[in-house]
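K.L.:
File start.cif follows (mmCIF, C-alpha atoms):
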```cif
data_coords
loop_
_atom_site.label_atom_id
_atom_site.label_comp_id
_atom_site.auth_asym_id
_atom_site.auth_seq_id
_atom_site.Cartn_x
_atom_site.Cartn_y
_atom_site.Cartn_z
CA MET A 2 -24.91 -14.63 -74.97
CA PRO A 3 -26.53 -11.28 -73.94
CA VAL A 4 -25.26 -9.71 -70.73
CA GLU A 5 -27.66 -7.82 -68.46
CA SER A 6 -26.52 -4.34 -67.45
CA GLY A 7 -26.14 -3.37 -63.78
CA SER A 8 -28.94 -0.77 -63.88
CA SER A 9 -31.49 -3.14 -65.43
CA ALA A 10 -30.61 -5.85 -62.89
CA ALA A 11 -31.10 -3.43 -59.99
CA ALA A 12 -34.46 -2.32 -61.43
CA ARG A 13 -35.60 -5.91 -61.76
CA GLN A 14 -34.60 -6.69 -58.13
CA ALA A 15 -36.50 -3.60 -56.87
CA LYS A 16 -39.59 -4.65 -58.88
CA GLN A 17 -39.44 -8.19 -57.45
CA LYS A 18 -39.07 -6.75 -53.96
CA ARG A 19 -42.13 -4.52 -54.39
CA LYS A 20 -44.07 -7.46 -55.79
CA SER A 21 -43.17 -9.73 -52.88
CA HIS A 22 -43.98 -6.92 -50.46
CA SER A 23 -47.42 -6.39 -52.02
CA LEU A 24 -48.08 -10.13 -51.87
CA SER A 25 -47.09 -10.11 -48.21
CA ILE A 26 -49.46 -7.22 -47.51
CA ARG A 27 -52.33 -8.96 -49.30
CA ARG A 28 -51.73 -12.14 -47.39
CA THR A 29 -51.57 -10.23 -44.14
CA ASN A 30 -54.74 -8.32 -44.92
CA SER A 31 -56.61 -11.44 -45.94
CA THR A 32 -55.40 -13.18 -42.79
CA GLU A 33 -56.51 -10.26 -40.65
CA GLN A 34 -59.91 -10.19 -42.38
CA GLU A 35 -60.39 -13.91 -41.77
CA ARG A 36 -59.32 -13.47 -38.13
CA SER A 37 -61.70 -10.52 -37.57
CA GLY A 38 -64.53 -12.42 -39.19
CA LEU A 39 -64.00 -15.39 -36.92
CA GLN A 40 -63.75 -13.15 -33.87
CA ARG A 41 -67.01 -11.36 -34.80
CA GLU A 42 -68.76 -14.72 -35.15
CA MET A 43 -67.44 -15.70 -31.71
CA LEU A 44 -68.66 -12.41 -30.24
CA GLU A 45 -72.11 -12.83 -31.71
CA GLY A 46 -72.30 -16.24 -30.12
CA GLN A 47 -71.38 -14.89 -26.66
CA ASP A 48 -73.81 -13.29 -24.20
CA SER A 49 -72.98 -9.64 -23.55
CA LYS A 50 -74.92 -6.54 -22.52
CA LEU A 51 -72.83 -4.35 -24.84
CA PRO A 52 -74.28 -3.45 -28.25
CA LEU A 53 -72.83 -5.38 -31.16
CA SER A 54 -71.53 -2.19 -32.87
CA LEU A 55 -69.62 -1.17 -29.73
CA ARG A 56 -68.22 -4.63 -29.34
CA SER A 57 -67.10 -4.58 -32.98
CA ASN A 58 -65.36 -1.22 -32.51
CA LEU A 59 -63.58 -2.55 -29.43
CA LEU A 60 -62.48 -5.61 -31.39
CA ASP A 61 -61.03 -3.43 -34.15
CA LEU A 62 -59.17 -1.28 -31.59
CA PHE A 63 -57.71 -4.32 -29.85
CA GLY A 64 -56.67 -5.71 -33.23
CA GLN A 65 -54.78 -2.51 -34.01
CA ILE A 66 -53.07 -2.65 -30.61
CA GLU A 67 -52.09 -6.26 -31.24
CA ARG A 68 -50.57 -5.38 -34.63
CA GLU A 69 -48.57 -2.52 -33.07
CA PHE A 70 -47.16 -4.89 -30.45
CA GLU A 71 -46.30 -7.41 -33.16
CA ASN A 72 -44.36 -4.77 -35.10
CA LEU A 73 -42.51 -3.65 -31.94
CA TYR A 74 -41.71 -7.26 -31.12
CA ILE A 75 -40.21 -7.89 -34.57
CA GLU A 76 -38.15 -4.70 -34.39
CA ASN A 77 -36.84 -5.63 -30.92
CA MET A 78 -35.88 -9.11 -32.09
CA GLU A 79 -33.92 -7.67 -34.99
CA SER A 80 -32.09 -5.09 -32.86
CA SER A 81 -31.51 -7.27 -29.77
CA HIS A 82 -28.34 -8.83 -31.15
CA SER A 83 -26.65 -5.52 -31.95
CA THR A 84 -27.88 -4.02 -28.66
CA SER A 85 -26.43 -6.88 -26.59
CA GLN A 86 -23.07 -6.49 -28.33
CA LEU A 87 -23.05 -2.76 -27.61
CA SER A 88 -24.06 -3.36 -23.99
CA GLN A 89 -21.30 -5.94 -23.52
CA LYS A 90 -18.75 -3.60 -25.06
CA LEU A 91 -19.80 -0.79 -22.73
CA LYS A 92 -19.62 -3.10 -19.71
CA THR A 93 -16.13 -4.33 -20.66
CA THR A 94 -14.82 -0.81 -21.25
CA TYR A 95 -16.34 0.47 -18.01
CA LYS A 96 -14.97 -2.46 -16.00
CA ALA A 97 -11.46 -2.08 -17.44
CA SER A 98 -11.31 1.65 -16.81
CA THR A 99 -12.72 1.27 -13.30
CA SER A 100 -10.22 -1.49 -12.48
CA LYS A 101 -7.37 0.75 -13.61
CA ILE A 102 -8.56 3.55 -11.35
CA VAL A 103 -8.97 1.23 -8.36
CA SER A 104 -5.61 -0.48 -8.97
CA SER A 105 -3.88 2.88 -9.26
CA PHE A 106 -5.42 4.01 -5.98
CA LYS A 107 -4.46 0.79 -4.19
CA ALA A 108 -0.87 0.94 -5.53
CA THR A 109 -0.50 4.51 -4.29
CA THR A 110 -1.85 3.54 -0.87
CA SER A 111 0.44 0.50 -0.66
CA ARG A 112 3.53 2.58 -1.45
CA ALA A 113 2.60 5.02 1.32
CA VAL A 114 2.44 2.36 4.06
CA CYS A 115 4.70 -0.37 2.60
CA GLN A 116 8.16 0.71 1.50
CA LEU A 117 11.10 -1.27 0.24
CA VAL A 118 14.07 -0.39 2.46
CA ARG A 119 16.90 -2.76 1.59
CA GLU A 120 17.89 -5.61 -0.72
CA TYR A 121 20.15 -8.42 0.48
CA VAL A 122 22.01 -9.67 -2.58
CA GLY A 123 24.73 -12.31 -2.68
CA HIS A 124 23.25 -15.77 -3.22
CA ARG A 125 23.88 -17.39 -6.59
CA ASP A 126 20.63 -19.35 -6.72
CA GLY A 127 17.06 -19.08 -5.45
CA ILE A 128 16.49 -18.49 -1.73
CA TRP A 129 14.15 -21.07 -0.21
CA ASP A 130 13.81 -19.80 3.32
CA LEU A 131 14.67 -16.93 5.65
CA SER A 132 14.19 -16.08 9.32
CA VAL A 133 15.17 -13.51 11.94
CA THR A 134 16.91 -14.35 15.21
CA ARG A 135 14.73 -14.26 18.31
CA SER A 136 17.47 -12.90 20.57
CA GLN A 137 20.24 -10.29 20.40
CA PRO A 138 22.00 -9.57 18.17
CA VAL A 139 19.10 -9.50 15.70
CA VAL A 140 20.28 -10.67 12.27
CA LEU A 141 18.66 -12.03 9.14
CA GLY A 142 19.36 -15.58 7.99
CA THR A 143 18.80 -17.01 4.49
CA ALA A 144 19.06 -20.53 3.04
CA SER A 145 19.62 -20.99 -0.68
CA ALA A 146 19.69 -23.60 -3.41
CA ASP A 147 23.35 -22.58 -4.00
CA HIS A 148 24.29 -24.91 -1.05
CA THR A 149 24.93 -22.00 1.33
CA ALA A 150 23.26 -20.19 4.21
CA MET A 151 24.04 -16.55 5.04
CA LEU A 152 23.68 -14.17 7.96
CA TRP A 153 23.00 -10.51 7.15
CA SER A 154 23.09 -7.21 8.98
CA ILE A 155 19.52 -5.93 8.79
CA GLU A 156 20.55 -2.28 9.00
CA THR A 157 23.36 -2.27 6.44
CA GLY A 158 22.52 -5.20 4.16
CA LYS A 159 26.07 -6.51 4.58
CA CYS A 160 26.75 -10.24 4.68
CA LEU A 161 28.13 -11.18 8.11
CA LEU A 162 28.75 -14.88 7.53
CA LYS A 163 28.43 -17.53 4.85
CA TYR A 164 27.96 -21.15 5.92
CA MET A 165 29.24 -23.66 3.33
CA GLY A 166 29.01 -26.97 5.20
CA HIS A 167 26.19 -28.61 3.23
CA GLN A 168 26.83 -30.84 0.25
CA GLY A 169 23.48 -30.24 -1.42
CA SER A 170 20.87 -27.58 -2.09
CA ALA A 171 20.21 -26.15 1.38
CA SER A 172 19.77 -29.49 3.24
CA GLY A 173 19.68 -31.68 0.17
CA ASP A 174 22.34 -33.84 1.81
CA GLN A 175 19.65 -35.22 4.18
CA THR A 176 21.18 -33.61 7.27
CA ALA A 177 20.51 -30.63 9.51
CA HIS A 178 23.47 -28.60 10.79
CA ILE A 179 23.86 -26.46 13.89
CA TRP A 180 26.77 -24.00 13.73
CA ARG A 181 28.00 -21.17 15.93
CA TYR A 182 29.68 -17.88 15.15
CA MET A 183 30.30 -14.63 17.01
CA VAL A 184 28.55 -11.90 15.04
CA GLN A 185 29.98 -8.38 14.93
CA LEU A 186 27.35 -5.97 13.66
CA PRO A 187 28.68 -3.16 11.44
CA THR A 188 27.75 0.50 11.98
CA PRO A 189 24.53 1.35 10.11
CA GLN A 190 24.97 3.62 7.10
CA PRO A 191 22.24 5.85 5.62
CA VAL A 192 20.77 4.45 2.43
CA ALA A 193 18.97 6.09 -0.45
CA ASP A 194 15.20 5.75 -0.41
CA ILE A 195 14.24 3.84 -3.56
CA SER A 196 10.65 3.32 -2.48
CA GLN A 197 9.47 6.46 -4.30
CA ALA A 198 10.46 5.13 -7.70
CA PRO A 199 7.58 5.09 -10.22
CA CYS A 200 5.53 1.92 -9.95
CA GLU A 201 4.91 -0.15 -13.07
CA ASP A 202 3.36 -3.43 -12.00
CA ASP A 203 4.16 -6.81 -13.56
CA VAL A 204 7.19 -5.74 -15.58
CA ASP A 205 9.52 -8.65 -16.37
CA PHE A 206 13.26 -8.37 -15.86
CA SER A 207 15.83 -9.44 -18.38
CA ASP A 208 18.43 -12.14 -17.74
CA LYS A 209 21.02 -9.39 -17.60
CA ASP A 210 19.38 -8.02 -14.45
CA GLU A 211 19.71 -11.38 -12.75
CA ALA A 212 23.29 -11.78 -13.89
CA ASP A 213 24.13 -8.52 -12.17
CA CYS A 214 23.30 -10.15 -8.85
CA ASP A 215 26.32 -12.42 -9.19
CA ALA A 216 28.65 -9.48 -9.57
CA GLU A 217 27.27 -7.85 -6.44
CA GLY A 218 27.91 -10.83 -4.17
CA PRO A 219 29.77 -10.37 -0.88
CA ASN A 220 33.44 -11.02 -1.63
CA ASP A 221 34.77 -10.20 1.84
CA CYS A 222 32.19 -12.20 3.79
CA PRO A 223 33.75 -14.65 6.31
CA SER A 224 32.80 -18.30 5.86
CA VAL A 225 32.34 -21.40 8.02
CA ARG A 226 32.57 -24.93 6.59
CA THR A 227 32.23 -27.15 9.66
CA ALA A 228 29.08 -27.69 11.73
CA ALA A 229 29.16 -27.78 15.52
CA THR A 230 26.42 -30.44 15.45
CA THR A 231 25.12 -32.59 12.62
CA LEU A 232 21.67 -34.16 12.92
CA ARG A 233 21.24 -37.33 10.89
CA SER A 234 18.58 -40.05 10.35
CA HIS A 235 16.48 -38.55 7.56
CA GLN A 236 16.26 -40.48 4.30
CA GLY A 237 15.34 -37.48 2.16
CA VAL A 238 15.89 -33.76 1.72
CA VAL A 239 15.53 -31.78 4.96
CA ILE A 240 13.20 -28.97 3.92
CA ALA A 241 12.63 -27.11 7.21
CA ALA A 242 13.71 -26.90 10.86
CA ASP A 243 12.66 -25.03 13.98
CA TRP A 244 13.62 -24.74 17.66
CA LEU A 245 11.28 -26.07 20.34
CA VAL A 246 10.59 -23.66 23.21
CA GLY A 247 13.54 -23.70 25.61
CA GLY A 248 16.16 -24.16 22.87
CA LYS A 249 17.22 -27.68 23.93
CA GLN A 250 15.42 -29.55 21.16
CA VAL A 251 14.96 -28.98 17.46
CA VAL A 252 12.43 -30.42 15.00
CA THR A 253 13.17 -31.06 11.31
CA ALA A 254 10.87 -31.86 8.37
CA SER A 255 11.91 -33.96 5.40
CA TRP A 256 10.82 -35.28 2.04
CA ASP A 257 11.02 -38.77 3.59
CA ARG A 258 7.48 -38.04 4.95
CA ALA A 259 8.69 -37.73 8.55
CA ALA A 260 9.56 -35.02 11.05
CA ASN A 261 12.26 -35.70 13.61
CA LEU A 262 12.70 -34.31 17.10
CA TYR A 263 16.35 -34.14 18.23
CA ASP A 264 18.18 -33.39 21.45
CA VAL A 265 20.65 -30.62 20.56
CA GLU A 266 23.37 -31.49 23.10
CA THR A 267 23.56 -35.20 22.30
CA SER A 268 22.40 -35.05 18.63
CA GLU A 269 20.20 -38.04 19.41
CA LEU A 270 16.84 -38.67 17.78
CA VAL A 271 14.13 -38.31 20.44
CA HIS A 272 11.01 -38.89 18.33
CA SER A 273 10.25 -39.64 14.71
CA LEU A 274 6.90 -38.09 13.78
CA THR A 275 5.43 -40.28 11.06
CA GLY A 276 1.99 -40.49 9.50
CA HIS A 277 1.99 -38.15 6.52
CA ASP A 278 1.32 -39.90 3.19
CA GLN A 279 3.57 -37.66 1.10
CA GLU A 280 6.60 -35.37 1.43
CA LEU A 281 6.63 -32.77 4.19
CA THR A 282 6.85 -29.12 3.18
CA HIS A 283 7.26 -27.26 6.48
CA CYS A 284 7.35 -27.50 10.27
CA CYS A 285 6.75 -24.89 12.95
CA THR A 286 6.87 -24.81 16.75
CA HIS A 287 4.65 -22.89 19.17
CA PRO A 288 6.41 -19.83 20.69
CA THR A 289 5.48 -20.71 24.31
CA GLN A 290 4.26 -24.34 24.37
CA ARG A 291 5.66 -27.71 23.35
CA LEU A 292 3.53 -27.98 20.22
CA VAL A 293 4.64 -28.75 16.67
CA VAL A 294 2.70 -28.42 13.43
CA THR A 295 3.82 -30.15 10.22
CA SER A 296 2.46 -29.65 6.71
CA SER A 297 2.64 -31.95 3.72
CA ARG A 298 1.90 -32.47 0.06
CA ASP A 299 -0.84 -34.92 1.16
CA THR A 300 -3.14 -31.83 1.60
CA THR A 301 -3.10 -32.13 5.41
CA PHE A 302 -1.30 -30.62 8.36
CA ARG A 303 -0.78 -32.32 11.70
CA LEU A 304 -0.60 -30.98 15.25
CA TRP A 305 1.81 -32.81 17.56
CA ASP A 306 1.50 -32.28 21.32
CA PHE A 307 4.55 -32.84 23.54
CA ARG A 308 3.31 -30.97 26.61
CA ASP A 309 2.75 -34.22 28.50
CA PRO A 310 6.00 -36.27 28.45
CA SER A 311 4.09 -39.52 28.79
CA ILE A 312 1.56 -38.86 26.00
CA HIS A 313 2.42 -37.60 22.54
CA SER A 314 -0.89 -36.94 20.80
CA VAL A 315 -1.40 -36.04 17.15
CA ASN A 316 -4.35 -34.49 15.32
CA VAL A 317 -4.84 -34.51 11.55
CA PHE A 318 -6.55 -31.60 9.78
CA GLN A 319 -7.92 -31.82 6.25
CA GLY A 320 -8.92 -28.33 5.22
CA HIS A 321 -7.17 -27.92 1.85
CA THR A 322 -7.48 -29.49 -1.59
CA ASP A 323 -3.81 -29.24 -2.60
CA THR A 324 -0.34 -29.21 -1.04
CA VAL A 325 -0.22 -27.46 2.32
CA THR A 326 2.91 -25.35 1.88
CA SER A 327 3.09 -24.14 5.49
CA ALA A 328 1.22 -24.00 8.78
CA VAL A 329 2.31 -21.64 11.54
CA PHE A 330 1.30 -20.80 15.10
CA THR A 331 0.30 -17.36 16.32
CA VAL A 332 0.94 -15.98 19.80
CA GLY A 333 -2.71 -16.71 20.61
CA ASP A 334 -4.51 -20.00 20.15
CA ASN A 335 -4.54 -20.01 16.36
CA VAL A 336 -2.91 -21.89 13.49
CA VAL A 337 -2.71 -20.33 10.02
CA SER A 338 -2.24 -22.65 7.03
CA GLY A 339 -1.37 -21.81 3.41
CA SER A 340 -1.71 -24.01 0.38
CA ASP A 341 -1.15 -24.44 -3.34
CA ASP A 342 -4.96 -24.40 -3.64
CA ARG A 343 -4.62 -20.58 -3.41
CA THR A 344 -6.21 -20.31 0.01
CA VAL A 345 -5.08 -19.41 3.51
CA LYS A 346 -7.13 -20.61 6.47
CA VAL A 347 -7.17 -19.48 10.09
CA TRP A 348 -7.93 -22.13 12.72
CA ASP A 349 -8.74 -22.00 16.42
CA LEU A 350 -6.74 -24.50 18.46
CA LYS A 351 -9.70 -24.96 20.81
CA ASN A 352 -11.99 -25.98 17.95
CA MET A 353 -10.21 -27.22 14.83
CA ARG A 354 -13.26 -28.72 13.12
CA SER A 355 -13.55 -25.88 10.62
CA PRO A 356 -11.57 -22.69 9.90
CA ILE A 357 -12.73 -19.43 11.45
CA ALA A 358 -11.59 -17.47 8.38
CA THR A 359 -10.68 -18.32 4.77
CA ILE A 360 -8.62 -16.10 2.47
CA ARG A 361 -8.96 -16.80 -1.26
CA THR A 362 -6.24 -15.55 -3.59
CA ASP A 363 -5.30 -15.73 -7.27
CA SER A 364 -2.01 -17.60 -6.84
CA ALA A 365 -0.44 -20.43 -4.85
CA VAL A 366 0.66 -19.43 -1.36
CA ASN A 367 4.12 -20.33 -0.03
CA ARG A 368 5.65 -20.02 3.47
CA ILE A 369 3.52 -17.53 5.36
CA SER A 370 4.32 -15.63 8.57
CA VAL A 371 2.19 -13.88 11.19
CA SER A 372 3.32 -10.77 13.08
CA VAL A 373 3.48 -11.19 16.85
CA ASN A 374 1.81 -8.00 18.07
CA GLN A 375 -0.78 -7.08 15.44
CA ARG A 376 -1.19 -10.61 14.01
CA ILE A 377 -0.94 -9.57 10.37
CA ILE A 378 -0.48 -12.43 7.89
CA ALA A 379 2.14 -11.99 5.14
CA LEU A 380 1.38 -14.13 2.07
CA PRO A 381 4.22 -14.80 -0.42
CA HIS A 382 2.88 -15.93 -3.79
CA ASP A 383 4.04 -17.82 -6.86
CA ASN A 384 3.06 -14.78 -8.98
CA ARG A 385 5.80 -12.59 -7.38
CA GLN A 386 3.38 -10.72 -5.12
CA VAL A 387 3.35 -10.37 -1.33
CA ARG A 388 -0.02 -9.52 0.25
CA LEU A 389 -0.99 -8.62 3.81
CA PHE A 390 -4.22 -9.75 5.51
CA ASP A 391 -5.59 -9.59 9.02
CA MET A 392 -6.73 -12.65 10.97
CA SER A 393 -10.36 -12.18 9.91
CA GLY A 394 -9.41 -12.43 6.24
CA VAL A 395 -9.56 -8.71 5.33
CA ARG A 396 -6.95 -7.64 2.80
CA LEU A 397 -4.79 -4.80 4.12
CA ALA A 398 -2.19 -4.16 1.40
CA ARG A 399 -0.08 -5.52 -1.42
CA LEU A 400 3.63 -4.82 -1.29
CA PRO A 401 4.68 -2.64 -4.26
CA ARG A 402 6.19 -4.29 -7.33
CA SER A 403 7.68 -2.37 -10.24
CA ASN A 404 10.47 -2.49 -12.79
CA ARG A 405 12.77 -0.97 -10.16
CA GLN A 406 11.84 -2.78 -6.97
CA GLY A 407 10.23 -5.92 -5.63
CA HIS A 408 10.63 -9.57 -6.50
CA ARG A 409 11.17 -10.72 -10.08
CA ARG A 410 10.39 -14.41 -9.56
CA MET A 411 8.33 -16.58 -7.23
CA VAL A 412 8.34 -15.39 -3.60
CA CYS A 413 9.14 -18.37 -1.38
CA CYS A 414 8.97 -17.13 2.20
CA SER A 415 8.19 -14.19 4.48
CA ALA A 416 9.28 -13.35 8.05
CA TRP A 417 8.27 -10.58 10.48
CA CYS A 418 10.55 -8.65 12.85
CA GLU A 419 8.28 -6.06 14.42
CA ASP A 420 10.86 -4.77 16.91
CA ASN A 421 13.20 -3.52 14.19
CA ASN A 422 12.81 0.16 13.35
CA SER A 423 14.09 0.05 9.78
CA CYS A 424 12.79 -3.28 8.41
CA ASN A 425 9.95 -5.14 10.07
CA LEU A 426 9.09 -7.57 7.26
CA PHE A 427 11.34 -9.68 5.05
CA SER A 428 10.72 -11.76 1.94
CA CYS A 429 12.85 -13.93 -0.33
CA GLY A 430 12.41 -15.74 -3.62
CA PHE A 431 13.84 -17.43 -6.69
CA ASP A 432 15.25 -14.10 -7.91
CA ARG A 433 18.23 -14.79 -5.56
CA GLN A 434 17.54 -11.88 -3.24
CA ALA A 435 15.96 -11.14 0.12
CA ILE A 436 14.14 -7.84 0.62
CA GLY A 437 13.60 -5.82 3.78
CA TRP A 438 10.35 -3.85 3.98
CA ASN A 439 9.11 -1.15 6.30
CA ILE A 440 5.40 -1.61 6.99
CA ASN A 441 3.67 1.31 8.68
CA ILE A 442 1.38 -0.95 10.68
CA ALA A 443 -0.46 1.89 12.44
CA ALA A 444 -1.35 3.54 9.12
CA LEU A 445 -2.22 0.15 7.62
CA LEU A 446 -4.71 -0.66 10.37
CA GLN A 447 -6.12 2.87 10.31
CA GLU A 448 -6.94 2.56 6.59
CA LYS A 449 -8.69 -0.71 7.34
#
```
Represent the structure from my file as structure tokens, please.

P.N.:
Amino acid sequence: MPVESGSSAAARQAKQKRKSHSLSIRRTNSTEQERSGLQREMLEGQDSKLPLSLRSNLLDLFGQIEREFENLYIENMESSHSTSQLSQKLKTTYKASTSKIVSSFKATTSRAVCQLVREYVGHRDGIWDLSVTRSQPVVLGTASADHTAMLWSIETGKCLLKYMGHQGSASGDQTAHIWRYMVQLPTPQPVADISQAPCEDDVDFSDKDEADCDAEGPNDCPSVRTAATTLRSHQGVVIAADWLVGGKQVVTASWDRAANLYDVETSELVHSLTGHDQELTHCCTHPTQRLVVTSSRDTTFRLWDFRDPSIHSVNVFQGHTDTVTSAVFTVGDNVVSGSDDRTVKVWDLKNMRSPIATIRTDSAVNRISVSVNQRIIALPHDNRQVRLFDMSGVRLARLPRSNRQGHRRMVCCSAWCEDNNSCNLFSCGFDRQAIGWNINIAALLQEK
């Protein structure tokens, strides 16, 4: 069977192409001739003051213009696909480079006004909660899933006391304990400033880094194993507790869907606050009034009013679409709520129908805190970040995270202590450590 050579095949294809092209031209020309003939017949049938020759010339000119537009249209259709791809590529490249520049600028700004001062290491499991005492001596307290609670010297980072009276994770034994201990604060020692370490965001830590935390635990820390007062009556894990104004009563929140109000001296249950449809996640008391706010996995938070001894009113607020992880009072007449729906909402106690500000984030929000004087909201996130916002919802800063500092796992809780000169903000998380931060609030608000 004869085989056609490559050159002869190419010649034949070129000849067929020229032939088809000439046929296309003939068809186009014949079509244009038919179209012009029809148009001339239509013009002759129309009344016009222009001479027929002038009208014919105009028709020819408009026909040429139409053909030019047709050619441009075809060329644009053929090149539109490649042009859109190029445009999209340019947009993506520009956006990525711009984001890097903006992120670099924000990280530099955050490091200037938000500095890591001290790490409090000693727990052998994740830290669920932390708080700072409201009276002298001012110490930091942490509660962990390792069944212990610890008191820390803020200035030195030394463990002052370890409480080992619970039989479960934090209050997994369904009880709340009140214990007393005389704290002796050690002399503060100067510490190296590690806040100037190079920042490399979102760098994961190895398991070896976490194992090192066990070796650094406080070996000489005194311990207490017996509670002065034990508060019972919950049927589930006690997840939070807070003191009512005056210090004579305490409120606890539990996974049994109830919050309990106890008398501290007698350990008796004064009120059981029921009504939530699912487990409670947090409880908080007003700093100056007999008000309690509880939050729950049922997407609501409730405001309980004990100011009138004869009437105990409750209001239910449905502003979130997922678990309300915490709701806290401010010194003014506001409540701030955080949720797993990645939002934080600011409410006015005088009109709780709708929030006065909404903060939208990229990660679930855990136990928030609001500074007393400047009313800055600290948001701990599931994605290891801690962000600062004002009450109107304006973002102020993000605390620096790098391969040398910051949290390595989910951040569970934050707490302010504005009166402390060295550390005025604290955070804790599942990386088994609490961190003390120095926030230059004046510089932060000035940059705003």

K.L.:
Measure the distance from CA of Gly437 (chain A) to CA of Gly166 (chain A) in Å and round it to one decimal.

P.N.:
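If I compute the distance from CA of Gly437 (chain A) to CA of Gly166 (chain A), I get 26.2 Å.
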
K.L.:
Mind checking which residues fall within 9 Å of Thr286 (chain A), counting only C-alpha atoms, ignoring those fewer than 4 positions away in the same chain, and posting them as a JSON list (two decimals) with C-alpha atoms, in the frame of the given file?

P.N.:
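Saved to around28.json:
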```json
[["chain", "number", "residue", "atom", "x", "y", "z"],
["A", 243, "ASP", "CA", 12.66, -25.03, 13.98],
["A", 244, "TRP", "CA", 13.62, -24.74, 17.66],
["A", 245, "LEU", "CA", 11.28, -26.07, 20.34],
["A", 246, "VAL", "CA", 10.59, -23.66, 23.21],
["A", 252, "VAL", "CA", 12.43, -30.42, 15.00],
["A", 290, "GLN", "CA", 4.26, -24.34, 24.37],
["A", 291, "ARG", "CA", 5.66, -27.71, 23.35],
["A", 292, "LEU", "CA", 3.53, -27.98, 20.22],
["A", 293, "VAL", "CA", 4.64, -28.75, 16.67],
["A", 294, "VAL", "CA", 2.70, -28.42, 13.43],
["A", 295, "THR", "CA", 3.82, -30.15, 10.22],
["A", 329, "VAL", "CA", 2.31, -21.64, 11.54],
["A", 330, "PHE", "CA", 1.30, -20.80, 15.10]]
```

K.L.:
Mind telling me what the PyMOL selection byres ((chain A and resi 118) around 7) catches here, as a list of chain:residue names?

P.N.:
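With the PyMOL selection byres ((chain A and resi 118) around 7) on this model, the match is A:Gln116, A:Leu117, A:Arg119, A:Asp194, A:Cys424, A:Gly437, A:Trp438, A:Asn439.
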
K.L.:
Tell me, in Å to one decimal, how far CA of Asn367 (chain A) is from CA of Thr176 (chain A).

P.N.:
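Value for the CA of Asn367 (chain A)-CA of Thr176 (chain A) distance: 22.8 Å.
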
K.L.:
Determine the residue set returned by the PyMOL selection byres ((chain A and resi 431) around 10) for the present structure, and present it as a list in words.

P.N.:
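After applying the PyMOL selection byres ((chain A and resi 431) around 10), what remains is Asp126, Gly127, Ile128, Trp129, Ser145, Ala146, Asp383, Arg385, His408, Arg409, Arg410, Met411, Val412, Cys413, Cys429, Gly430, Asp432, Arg433, Gln434 and Ala435 of chain A.
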
K.L.:
List the residues matched by the PyMOL selection byres ((chain A and resi 420) around 12) in the displayed structure as a short mmCIF file (atom, residue, chain, number, x, y, z; two decimals) with C-alpha atoms, in the frame of the given file, ordered by chain and then by residue number.

P.N.:
```
data_model
loop_
_atom_site.label_atom_id
_atom_site.label_comp_id
_atom_site.auth_asym_id
_atom_site.auth_seq_id
_atom_site.Cartn_x
_atom_site.Cartn_y
_atom_site.Cartn_z
CA VAL A 133 15.17 -13.51 11.94
CA THR A 134 16.91 -14.35 15.21
CA ARG A 135 14.73 -14.26 18.31
CA SER A 136 17.47 -12.90 20.57
CA GLN A 137 20.24 -10.29 20.40
CA VAL A 139 19.10 -9.50 15.70
CA ILE A 155 19.52 -5.93 8.79
CA SER A 372 3.32 -10.77 13.08
CA VAL A 373 3.48 -11.19 16.85
CA ASN A 374 1.81 -8.00 18.07
CA GLN A 375 -0.78 -7.08 15.44
CA TRP A 417 8.27 -10.58 10.48
CA CYS A 418 10.55 -8.65 12.85
CA GLU A 419 8.28 -6.06 14.42
CA ASN A 421 13.20 -3.52 14.19
CA ASN A 422 12.81 0.16 13.35
CA SER A 423 14.09 0.05 9.78
CA CYS A 424 12.79 -3.28 8.41
CA ASN A 425 9.95 -5.14 10.07
CA LEU A 426 9.09 -7.57 7.26
CA ASN A 439 9.11 -1.15 6.30
CA ILE A 440 5.40 -1.61 6.99
CA ILE A 442 1.38 -0.95 10.68
#
```

K.L.:
In Å, rounded to a single decimal, give me how far CA of Arg376 (chain A) is from CA of Leu445 (chain A).

P.N.:
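So the two atoms, CA of Leu445 (chain A) and CA of Arg376 (chain A), lie 12.6 Å apart.
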
K.L.:
Counting all atoms listed in the file, which residue out of A:Leu270, A:Leu400, A:Val114, A:Ala228 sits closest to Trp180 (chain A)?

P.N.:
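Between A:Leu270, A:Leu400, A:Val114, A:Ala228, the residue approaching Trp180 (chain A) most closely is A:Ala228.
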
K.L.:
With distances taken over all atoms listed in the file, which residue among A:Thr289, A:Arg125, A:Val184, A:Glu69 lies nearest Leu141 (chain A)?

P.N.:
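Residue with the minimum atom-to-atom distance to Leu141 (chain A): A:Val184.
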
K.L.:
Report as a tab-separated table (two decimals) with C-alpha atoms, keeping the file's coordinate frame all protein, DNA and RNA residues lying within 9 Å of Gly276 (chain A), evaluated on all atoms listed in the file, omitting residues in the same chain fewer than 6 positions from it.

P.N.:
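Dumped everything to result.tsv:
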```
chain	number	residue	atom	x	y	z
A	258	ARG	CA	7.48	-38.04	4.95
A	259	ALA	CA	8.69	-37.73	8.55
A	303	ARG	CA	-0.78	-32.32	11.70
```

K.L.:
Residues near Asp130 (chain A), anyone? I mean within 6 Å using all atoms listed in the file, not counting same-chain ones fewer than 2 positions away, as number ranges by chain.

P.N.:
A: 128, 143-144, 414

K.L.:
Would you mind listing what lies within 7 Å of region 148-152 of chain A as a PyMOL selection string, with only C-alpha atoms counted and same-chain residues fewer than 3 positions away left out?

P.N.:
chain A and resi 140-145+160-165+167-171
